[in-house]
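Chemist: The file below is final.txt, compact mmCIF, C-alpha atoms and all ligand atoms:
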# COMPACT_ATOMS: atom_id res chain seq x y z
CA MET A 1 -2.63 11.58 -20.02
CA LYS A 2 -3.97 8.64 -22.01
CA TRP A 3 -3.67 5.69 -19.61
CA LYS A 4 -2.24 2.56 -21.25
CA HIS A 5 -2.57 0.00 -18.44
CA LYS A 6 -5.70 -2.10 -18.08
CA HIS A 7 -4.67 -3.40 -14.63
CA LEU A 8 -2.72 -2.24 -11.61
CA LEU A 9 -0.67 -5.29 -10.69
CA GLY A 10 2.44 -3.63 -9.27
CA ILE A 11 4.18 -0.29 -8.91
CA ASP A 12 6.98 -1.73 -11.05
CA GLN A 13 4.75 -1.49 -14.15
CA LEU A 14 4.37 2.31 -13.78
CA SER A 15 6.74 5.00 -15.04
CA GLY A 16 7.66 8.01 -12.90
CA GLU A 17 5.34 10.13 -15.05
CA GLU A 18 2.43 7.74 -14.50
CA ILE A 19 3.02 7.72 -10.74
CA ARG A 20 3.08 11.54 -10.72
CA PHE A 21 -0.19 11.57 -12.71
CA LEU A 22 -1.91 9.33 -10.14
CA LEU A 23 -0.51 11.41 -7.26
CA GLU A 24 -1.88 14.59 -8.81
CA LYS A 25 -5.30 13.05 -9.26
CA GLY A 26 -5.14 11.56 -5.74
CA ASN A 27 -4.24 14.97 -4.37
CA GLN A 28 -7.35 16.49 -5.96
CA TYR A 29 -9.50 13.76 -4.41
CA ARG A 30 -7.80 14.25 -1.03
CA GLU A 31 -8.86 17.93 -1.12
CA TRP A 32 -12.35 16.96 -2.28
CA LEU A 33 -12.75 14.52 0.66
CA GLU A 34 -12.92 17.48 3.05
CA GLN A 35 -16.35 18.38 1.61
CA SER A 36 -19.70 17.12 2.86
CA PRO A 37 -21.90 15.71 1.51
CA LYS A 38 -19.69 13.70 -0.81
CA LYS A 39 -20.90 11.89 -3.91
CA LEU A 40 -19.82 11.78 -7.54
CA THR A 41 -21.31 9.97 -10.51
CA ARG A 42 -18.19 9.56 -12.68
CA LEU A 43 -18.29 5.76 -12.37
CA SER A 44 -22.04 5.36 -12.08
CA GLY A 45 -23.18 2.10 -13.65
CA TYR A 46 -19.83 0.35 -13.18
CA TYR A 47 -19.51 -2.65 -10.84
CA LEU A 48 -16.62 -3.42 -8.50
CA ILE A 49 -15.98 -6.66 -6.61
CA ASN A 50 -13.78 -6.64 -3.51
CA LEU A 51 -12.20 -10.09 -3.23
CA PHE A 52 -10.08 -10.40 -0.07
CA PHE A 53 -8.53 -13.69 1.00
CA GLU A 54 -6.50 -12.07 3.76
CA ALA A 55 -7.54 -9.78 6.60
CA SER A 56 -7.75 -6.07 5.82
CA THR A 57 -9.35 -2.96 7.23
CA ARG A 58 -7.78 0.00 5.43
CA THR A 59 -7.48 -1.38 1.91
CA ARG A 60 -10.79 -3.25 1.79
CA VAL A 61 -12.92 -0.50 3.32
CA SER A 62 -11.24 2.31 1.37
CA PHE A 63 -11.72 0.52 -1.94
CA GLU A 64 -15.38 0.03 -1.06
CA MET A 65 -15.72 3.69 -0.09
CA ALA A 66 -13.73 4.87 -3.11
CA GLY A 67 -16.02 2.96 -5.47
CA LYS A 68 -19.18 4.23 -3.79
CA LEU A 69 -17.96 7.84 -3.67
CA LEU A 70 -17.45 7.65 -7.44
CA GLY A 71 -20.94 6.23 -7.95
CA MET A 72 -19.99 2.55 -8.44
CA GLU A 73 -21.92 -0.43 -7.20
CA VAL A 74 -19.61 -2.41 -4.89
CA VAL A 75 -19.93 -6.07 -3.98
CA ASN A 76 -17.86 -7.50 -1.12
CA PHE A 77 -17.08 -11.16 -1.77
CA THR A 78 -17.07 -13.08 1.50
CA ASN A 79 -14.68 -15.99 1.37
CA GLU A 80 -16.21 -17.79 4.35
CA LEU A 81 -19.66 -17.92 2.71
CA SER A 82 -18.45 -18.74 -0.81
CA SER A 83 -18.56 -22.01 -2.73
CA LEU A 84 -14.80 -22.29 -2.27
CA ASN A 85 -15.83 -23.98 0.96
CA LYS A 86 -17.74 -26.57 -1.10
CA GLY A 87 -14.63 -27.45 -3.06
CA GLU A 88 -14.90 -25.06 -6.01
CA SER A 89 -11.46 -24.15 -7.33
CA PHE A 90 -10.09 -20.61 -7.13
CA ARG A 91 -9.97 -20.44 -10.95
CA ASP A 92 -13.61 -21.51 -11.29
CA THR A 93 -14.64 -19.03 -8.61
CA VAL A 94 -13.10 -16.03 -10.37
CA ARG A 95 -14.39 -17.22 -13.76
CA THR A 96 -17.88 -17.41 -12.22
CA LEU A 97 -17.55 -13.81 -11.08
CA ALA A 98 -16.42 -12.85 -14.58
CA ARG A 99 -19.67 -14.19 -16.02
CA MET A 100 -21.52 -11.67 -13.85
CA LYS A 101 -20.07 -8.91 -16.05
CA VAL A 102 -18.38 -6.82 -13.40
CA ASP A 103 -16.03 -4.05 -14.49
CA ALA A 104 -13.24 -4.25 -11.93
CA LEU A 105 -11.97 -6.62 -9.30
CA VAL A 106 -9.79 -5.73 -6.31
CA ILE A 107 -7.94 -8.76 -4.97
CA ARG A 108 -5.77 -9.51 -1.94
CA HIS A 109 -4.29 -12.97 -1.72
CA ARG A 110 -1.56 -14.64 0.31
CA SER A 111 0.10 -16.04 -2.86
CA SER A 112 2.46 -13.81 -4.82
CA GLY A 113 1.46 -13.50 -8.48
CA ILE A 114 -2.26 -14.27 -8.14
CA PRO A 115 -3.39 -10.87 -9.59
CA LEU A 116 -1.09 -11.37 -12.59
CA TYR A 117 -2.36 -14.93 -13.04
CA ILE A 118 -6.05 -13.97 -13.12
CA SER A 119 -5.40 -10.94 -15.33
CA GLN A 120 -4.39 -13.40 -18.05
CA PHE A 121 -7.87 -14.90 -18.40
CA LEU A 122 -10.34 -12.43 -16.86
CA PRO A 123 -11.75 -9.72 -19.11
CA PHE A 124 -12.02 -6.82 -16.61
CA HIS A 125 -9.68 -4.52 -14.66
CA ILE A 126 -7.67 -6.25 -11.92
CA ILE A 127 -6.25 -4.23 -9.02
CA ASN A 128 -3.70 -5.83 -6.73
CA ALA A 129 -4.55 -5.06 -3.10
CA GLY A 130 -1.55 -7.05 -1.84
CA ASP A 131 -0.22 -10.38 -3.10
CA GLY A 132 1.89 -12.41 -0.70
CA MET A 133 5.31 -10.89 -0.22
CA ARG A 134 5.41 -9.31 -3.71
CA GLU A 135 3.55 -6.00 -4.18
CA HIS A 136 0.97 -3.66 -2.65
CA PRO A 137 0.88 -0.88 -5.24
CA THR A 138 -1.91 1.29 -3.82
CA GLN A 139 -0.12 1.29 -0.46
CA ALA A 140 2.99 2.69 -2.15
CA LEU A 141 0.90 5.29 -4.01
CA LEU A 142 -0.83 6.43 -0.82
CA ASP A 143 2.52 6.64 0.97
CA LEU A 144 3.93 8.76 -1.85
CA LEU A 145 0.82 10.97 -1.84
CA THR A 146 1.20 11.47 1.93
CA MET A 147 4.83 12.54 1.44
CA LYS A 148 3.95 14.82 -1.47
CA ARG A 149 1.22 16.54 0.56
CA ASP A 150 3.65 17.00 3.43
CA GLY A 151 5.81 19.07 1.09
CA ILE A 152 8.57 16.50 0.62
CA ASP A 153 10.74 17.01 -2.46
CA PHE A 154 11.28 13.47 -3.77
CA THR A 155 14.57 14.37 -5.40
CA ARG A 156 16.04 15.46 -2.05
CA ASN A 157 14.53 12.81 0.15
CA THR A 158 15.86 9.76 1.97
CA VAL A 159 13.42 7.26 3.46
CA ALA A 160 14.54 4.67 6.02
CA ILE A 161 12.30 1.58 5.79
CA ILE A 162 12.74 -0.30 9.05
CA GLY A 163 11.67 -3.72 10.26
CA ASP A 164 10.33 -6.83 8.60
CA ILE A 165 11.64 -6.21 5.07
CA LEU A 166 11.77 -9.94 4.37
CA HIS A 167 8.00 -10.48 4.39
CA SER A 168 6.97 -7.00 3.28
CA ARG A 169 5.21 -6.29 -0.02
CA VAL A 170 4.85 -2.74 1.32
CA ALA A 171 8.64 -2.30 1.51
CA ARG A 172 9.05 -3.65 -1.98
CA SER A 173 6.39 -1.47 -3.62
CA LEU A 174 7.35 1.66 -1.70
CA SER A 175 11.06 1.37 -2.43
CA ILE A 176 10.37 0.86 -6.16
CA GLY A 177 8.05 3.89 -6.19
CA LEU A 178 10.50 6.09 -4.29
CA LYS A 179 13.35 5.23 -6.65
CA LYS A 180 11.17 6.07 -9.67
CA LEU A 181 10.58 9.54 -8.21
CA GLY A 182 14.26 10.11 -7.42
CA SER A 183 14.42 9.42 -3.67
CA GLN A 184 17.04 7.47 -1.77
CA VAL A 185 16.02 4.36 0.18
CA ILE A 186 17.66 2.84 3.26
CA PHE A 187 16.69 -0.52 4.74
CA SER A 188 17.31 -1.44 8.36
CA GLY A 189 16.08 -3.80 11.07
CA PRO A 190 17.06 -7.21 12.38
CA PRO A 191 19.59 -8.75 9.93
CA THR A 192 17.42 -11.91 9.91
CA LEU A 193 14.58 -9.87 8.39
CA ILE A 194 16.65 -8.30 5.58
CA PRO A 195 16.33 -10.66 2.59
CA LYS A 196 19.18 -11.93 0.47
CA GLY A 197 19.13 -10.15 -2.90
CA ILE A 198 17.88 -6.87 -1.42
CA GLU A 199 20.32 -5.14 -3.82
CA VAL A 200 17.75 -5.49 -6.63
CA LEU A 201 15.66 -2.86 -4.85
CA GLU A 202 18.58 -0.42 -5.15
CA GLY A 203 18.42 0.58 -1.49
CA GLN A 204 21.28 0.75 0.93
CA VAL A 205 21.28 -1.52 4.00
CA VAL A 206 22.34 0.44 7.08
CA TYR A 207 22.91 -0.90 10.61
CA PRO A 208 22.12 -0.16 13.36
CA VAL A 209 18.62 1.25 13.20
CA GLU A 210 19.74 4.44 14.98
CA GLU A 211 22.19 5.17 12.14
CA ALA A 212 19.50 4.53 9.50
CA ILE A 213 17.21 6.97 11.29
CA ARG A 214 20.01 9.53 11.54
CA GLN A 215 20.52 9.43 7.75
CA ALA A 216 16.81 9.62 6.88
CA ASP A 217 14.31 12.41 6.29
CA VAL A 218 11.34 10.05 6.75
CA VAL A 219 11.27 7.07 9.12
CA TYR A 220 8.96 4.37 7.72
CA LEU A 221 8.27 1.55 10.18
CA LEU A 222 6.95 -1.79 8.98
CA ARG A 223 4.54 -4.04 10.76
CA ILE A 224 5.97 -7.26 12.13
CA GLN A 225 4.05 -9.84 10.10
CA LYS A 226 3.53 -12.58 12.63
CA GLU A 227 1.21 -14.41 10.21
CA ARG A 228 4.04 -14.91 7.68
CA GLN A 229 6.81 -15.77 10.13
CA GLU A 230 7.47 -19.48 10.39
CA ALA A 231 10.89 -19.22 12.01
CA GLY A 232 11.91 -17.18 15.05
CA PHE A 233 13.53 -14.16 13.39
CA PHE A 234 14.14 -12.42 16.70
CA PRO A 235 14.14 -13.74 20.27
CA SER A 236 11.05 -11.99 21.62
CA ALA A 237 8.69 -9.06 21.08
CA LYS A 238 10.32 -7.35 24.05
CA GLU A 239 13.76 -7.60 22.45
CA TYR A 240 12.43 -6.37 19.08
CA ALA A 241 10.84 -3.34 20.74
CA SER A 242 14.02 -2.68 22.68
CA PHE A 243 16.50 -2.92 19.76
CA PHE A 244 14.46 -2.01 16.67
CA GLY A 245 11.27 -0.25 17.82
CA LEU A 246 10.99 3.54 17.66
CA LYS A 247 10.90 4.87 21.20
CA GLU A 248 11.35 8.60 20.79
CA LYS A 249 10.61 11.27 18.21
CA PRO A 250 13.52 11.34 15.74
CA LYS A 251 15.11 14.78 15.34
CA GLY A 252 17.14 16.10 12.39
CA PRO A 253 20.39 18.09 12.64
CA ASP A 254 18.37 21.27 12.04
CA GLY A 255 16.36 20.54 15.21
CA ARG A 256 13.18 19.66 13.30
CA TRP A 257 11.28 16.44 13.97
CA LYS A 258 11.55 13.82 11.25
CA LYS A 259 8.30 12.44 9.86
CA ILE A 260 7.13 8.99 10.97
CA MET A 261 5.09 6.70 8.74
CA HIS A 262 3.66 3.18 9.12
CA PRO A 263 1.31 1.32 6.73
CA GLY A 264 -0.84 -0.01 9.57
CA PRO A 265 -2.12 -1.90 11.35
CA VAL A 266 0.32 -0.78 14.05
CA ASN A 267 1.50 -3.15 16.75
CA ARG A 268 1.74 -0.46 19.43
CA GLY A 269 4.73 -0.91 21.69
CA LEU A 270 6.45 -3.23 19.21
CA GLU A 271 7.40 -1.31 16.03
CA ILE A 272 6.67 2.06 17.64
CA ASP A 273 5.99 3.36 21.11
CA SER A 274 2.25 3.91 21.46
CA SER A 275 2.70 7.56 22.46
CA LEU A 276 4.35 8.39 19.10
CA VAL A 277 1.53 7.19 16.83
CA GLU A 278 -0.55 10.37 17.11
CA LYS A 279 2.27 12.86 17.65
CA GLU A 280 2.43 15.93 15.40
CA ASN A 281 5.32 14.52 13.35
CA SER A 282 3.40 11.29 12.66
CA LEU A 283 1.76 10.96 9.22
CA ILE A 284 0.16 7.60 10.07
CA GLU A 285 -3.44 8.83 10.23
CA GLU A 286 -3.03 11.01 7.14
CA GLN A 287 -1.83 7.89 5.27
CA VAL A 288 -5.30 6.41 5.79
CA SER A 289 -7.06 9.45 4.30
CA CYS A 290 -4.63 9.51 1.38
CA GLY A 291 -5.41 5.81 0.88
CA LEU A 292 -9.04 6.57 0.17
CA ALA A 293 -8.12 9.41 -2.19
CA ILE A 294 -5.53 7.44 -4.15
CA ARG A 295 -7.90 4.48 -4.58
CA MET A 296 -10.47 6.85 -6.07
CA ALA A 297 -7.76 8.07 -8.44
CA VAL A 298 -6.78 4.51 -9.39
CA LEU A 299 -10.36 3.34 -10.04
CA GLU A 300 -11.18 6.37 -12.14
CA THR A 301 -7.95 6.19 -14.13
CA LEU A 302 -8.19 2.48 -14.93
CA ILE A 303 -11.86 2.56 -15.85
CA LEU A 304 -12.02 5.88 -17.72
CA GLY A 305 -8.50 5.67 -19.12
CA GLY A 306 -7.06 8.74 -17.43
CA ALA A 307 -9.26 10.95 -19.58
CA ASN A 308 -10.36 13.46 -16.94
CA GLY A 309 -7.05 15.10 -16.28
N1 LIG B 401 -1.81 -1.22 5.18
C1 LIG B 401 -2.75 -2.14 4.88
O1 LIG B 401 -2.75 -2.77 3.82
O2 LIG B 401 -3.71 -2.26 5.85
P1 LIG B 401 -4.90 -3.33 5.83
O3 LIG B 401 -4.28 -4.68 5.97
O4 LIG B 401 -5.76 -2.95 7.01
O5 LIG B 401 -5.62 -3.20 4.52
Mind turning this structure into structure tokens?
Modeler:
Amino acid sequence: MKWKHKHLLGIDQLSGEEIRFLLEKGNQYREWLEQSPKKLTRLSGYYLINLFFEASTRTRVSFEMAGKLLGMEVVNFTNELSSLNKGESFRDTVRTLARMKVDALVIRHRSSGIPLYISQFLPFHIINAGDGMREHPTQALLDLLTMKRDGIDFTRNTVAIIGDILHSRVARSLSIGLKKLGSQVIFSGPPTLIPKGIEVLEGQVVYPVEEAIRQADVVYLLRIQKERQEAGFFPSAKEYASFFGLKEKPKGPDGRWKKIMHPGPVNRGLEIDSSLVEKENSLIEEQVSCGLAIRMAVLETLILGGANG
């Protein structure tokens, strides 16, 4: 496929065919990751800057690893040590980086729309690693890759996304991606954390959580985003865990365990009982491995234009 997008700003910009292309490439890299030693030279000579203004383990480290595995030089921009602390504006900071002739920039920022904004005046590839409450496209791609590798048929699949939908860029990106591949999406959780206008995401809101789980093939739990919650959306962590947290392995009518997913980081004992995180029906750890693979696929596709397959 000839790739037509310079940037990856959101899953909403991709067609179903383009998502399937990235999943296929990600799947090849996921297989390749089982080898040792691991090193490719496909992106040798290209430079990547990781620019994170919010905390991250999975996304930041996997982009760094993905770049290095493909032969890139990777620079991690450290906000605390930057000249932003001397009063330099955000715009001047990113324009300064542009003058250093890098090839791609991965950015996470608390403000929705920042990746789109900088893509309008920076000359290199921009990859959105999470912008405010808007999008987290590589999270959605890694979630879809995890489902694909688990043998899930997207056209006969219902995913219940449960929890803090209101603040969740993950819920937004994943539900858009699932719909593009033909899956059904259900939202559930505390009514205070289901946003007005959720209809635009074409999912069905189902209460209570137990009923949403009953209707689903995959149970996708969201992290409670304490850092974005200004109001008290539920009385206490104990009450959230009691009414909305997953406490036992969900079983289908055929007696098989339903798959559990979570983007991480997990608040054990809040969104999910700690004992369920590593159970055999949990895909949470595999999501992390698929994250590395899909970020390799994204970097290669953006920079080389999808030429290799
Ligand atoms: N899921 C996710 O984005 O995790 P990090 O915040 O650790 O990158």
Chemist: With distances taken over only C-alpha atoms, which residue among A:Lys180, A:Lys249, A:Arg149, A:His136 lies nearest Glu18 (chain A)?
Modeler: A:Lys180
Chemist: Given the choices A:Pro195, A:Pro137, A:Gly189, A:Gly264, which gets closest to ligand LIG 401 (chain B) if the distance is worked out from all atoms listed in the file?
Modeler: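 Of all the options, A:Gly264 lies closest to ligand LIG 401 (chain B).
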Chemist: Choose the residue, out of A:Gly305, A:Pro208, A:Gly130, A:Pro37, that has the smallest atom-to-atom separation from ligand LIG 401 (chain B); count all atoms listed in the file.
Modeler: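 Checking each of A:Gly305, A:Pro208, A:Gly130, A:Pro37 against ligand LIG 401 (chain B), counting all atoms listed in the file, the winner is A:Gly130.
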Chemist: With only C-alpha atoms and all ligand atoms counted, collect every polymer residue having an atom within 12 Å of ligand LIG 401 (chain B); state the result as a ChimeraX atom specification.
Modeler: /A:50,52-64,106-110,128-132,135-143,168-171,173-174,221-223,225,227,261-266,284-285,287-292
Chemist: For region 231-246 of chain A, work out the shell of residues within 7 Å, counting all atoms listed in the file and skipping chain neighbours fewer than 6 positions away, then give it as number ranges by chain.
Modeler: A: 189, 192-193, 209, 269-273
Chemist: What does the distance from CA of Ser83 (chain A) to CA of Met133 (chain A) come to in Å, to one decimal?
Modeler: 26.5 Å
Chemist: Go through A:Gly26, A:Gly203, A:Gly177, A:Gly252 one by one, measure the shortest atom-to-atom distance of each to Ile165 (chain A) using only C-alpha atoms, and give the residue with the smallest value.
Modeler: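 So, comparing all the options, the nearest one is A:Gly203.
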Chemist: Given the point (17.1, 14.0, 17.1) in the coordinates of this file, which residues lie within 12 Å, counting only C-alpha atoms, and how would they look as JSON, numbers by chain?
Modeler: {"A": [210, 211, 213, 214, 215, 216, 217, 247, 248, 249, 250, 251, 252, 253, 254, 255, 256, 257, 258, 259]}
Chemist: Measure the distance from CA of Pro190 (chain A) to CA of Leu276 (chain A) in Å and round it to one decimal.
Modeler: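 Between CA of Pro190 (chain A) and CA of Leu276 (chain A) the gap works out to 21.2 Å.
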Chemist: Restricting the calculation to all atoms listed in the file, which member of A:Lys196, A:Lys38, A:His125, A:Arg95 is positioned closest to Ile303 (chain A)?
Modeler: A:His125
Chemist: What does the structure give for the distance between CA of Leu144 (chain A) and CA of Gly10 (chain A), in Å to one decimal?
Modeler: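 Taking CA of Leu144 (chain A) as the start and CA of Gly10 (chain A) as the end point, the length is 14.5 Å.
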Chemist: Of the candidates A:Ser89, A:Lys39, A:Ala104, A:Val219, which one gets nearest to Thr301 (chain A) if we count all atoms listed in the file?
Modeler: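 When distances to Thr301 (chain A) are compared using all atoms listed in the file, the smallest one comes from A:Ala104.
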Chemist: Write out as a ChimeraX atom specification the residues lying within 8 Å of region 98-101 of chain A, counting only C-alpha atoms and excluding same-chain residues fewer than 3 positions away.
Modeler: /A:94-95,122-124
Chemist: Each residue of region 129-175 of chain A with at least one atom at most 9 Å from region 182-186 of chain A should appear once, together with its nearest atom pair and the corresponding distance in Å (one decimal); atoms considered: all atoms listed in the file; ordering: chain, then increasing residue number; output as a tab-separated table.
Modeler:
residue	atom	partner	partner_atom	distance
A:Asp153	CA	A:Ser183	CA	8.5
A:Phe154	CA	A:Ser183	CA	5.1
A:Thr155	CA	A:Gly182	CA	4.7
A:Arg156	CA	A:Ser183	CA	6.5
A:Asn157	CA	A:Ser183	CA	5.1
A:Thr158	CA	A:Gln184	CA	4.5
A:Val159	CA	A:Val185	CA	5.1
A:Ala160	CA	A:Ile186	CA	4.5
A:Ile161	CA	A:Ile186	CA	6.1
A:Ile162	CA	A:Ile186	CA	8.2
A:Ser175	CA	A:Val185	CA	6.4
Chemist: May I have the residues from that selection written out with C-alpha atoms, as an mmCIF file, in the coordinates of the input?
Modeler:
data_model
loop_
_atom_site.group_PDB
_atom_site.id
_atom_site.type_symbol
_atom_site.label_atom_id
_atom_site.label_comp_id
_atom_site.auth_asym_id
_atom_site.auth_seq_id
_atom_site.Cartn_x
_atom_site.Cartn_y
_atom_site.Cartn_z
ATOM 1 C CA ASP A 153 10.740 17.010 -2.460
ATOM 2 C CA PHE A 154 11.280 13.470 -3.770
ATOM 3 C CA THR A 155 14.570 14.370 -5.400
ATOM 4 C CA ARG A 156 16.040 15.460 -2.050
ATOM 5 C CA ASN A 157 14.530 12.810 0.150
ATOM 6 C CA THR A 158 15.860 9.760 1.970
ATOM 7 C CA VAL A 159 13.420 7.260 3.460
ATOM 8 C CA ALA A 160 14.540 4.670 6.020
ATOM 9 C CA ILE A 161 12.300 1.580 5.790
ATOM 10 C CA ILE A 162 12.740 -0.300 9.050
ATOM 11 C CA SER A 175 11.060 1.370 -2.430
#
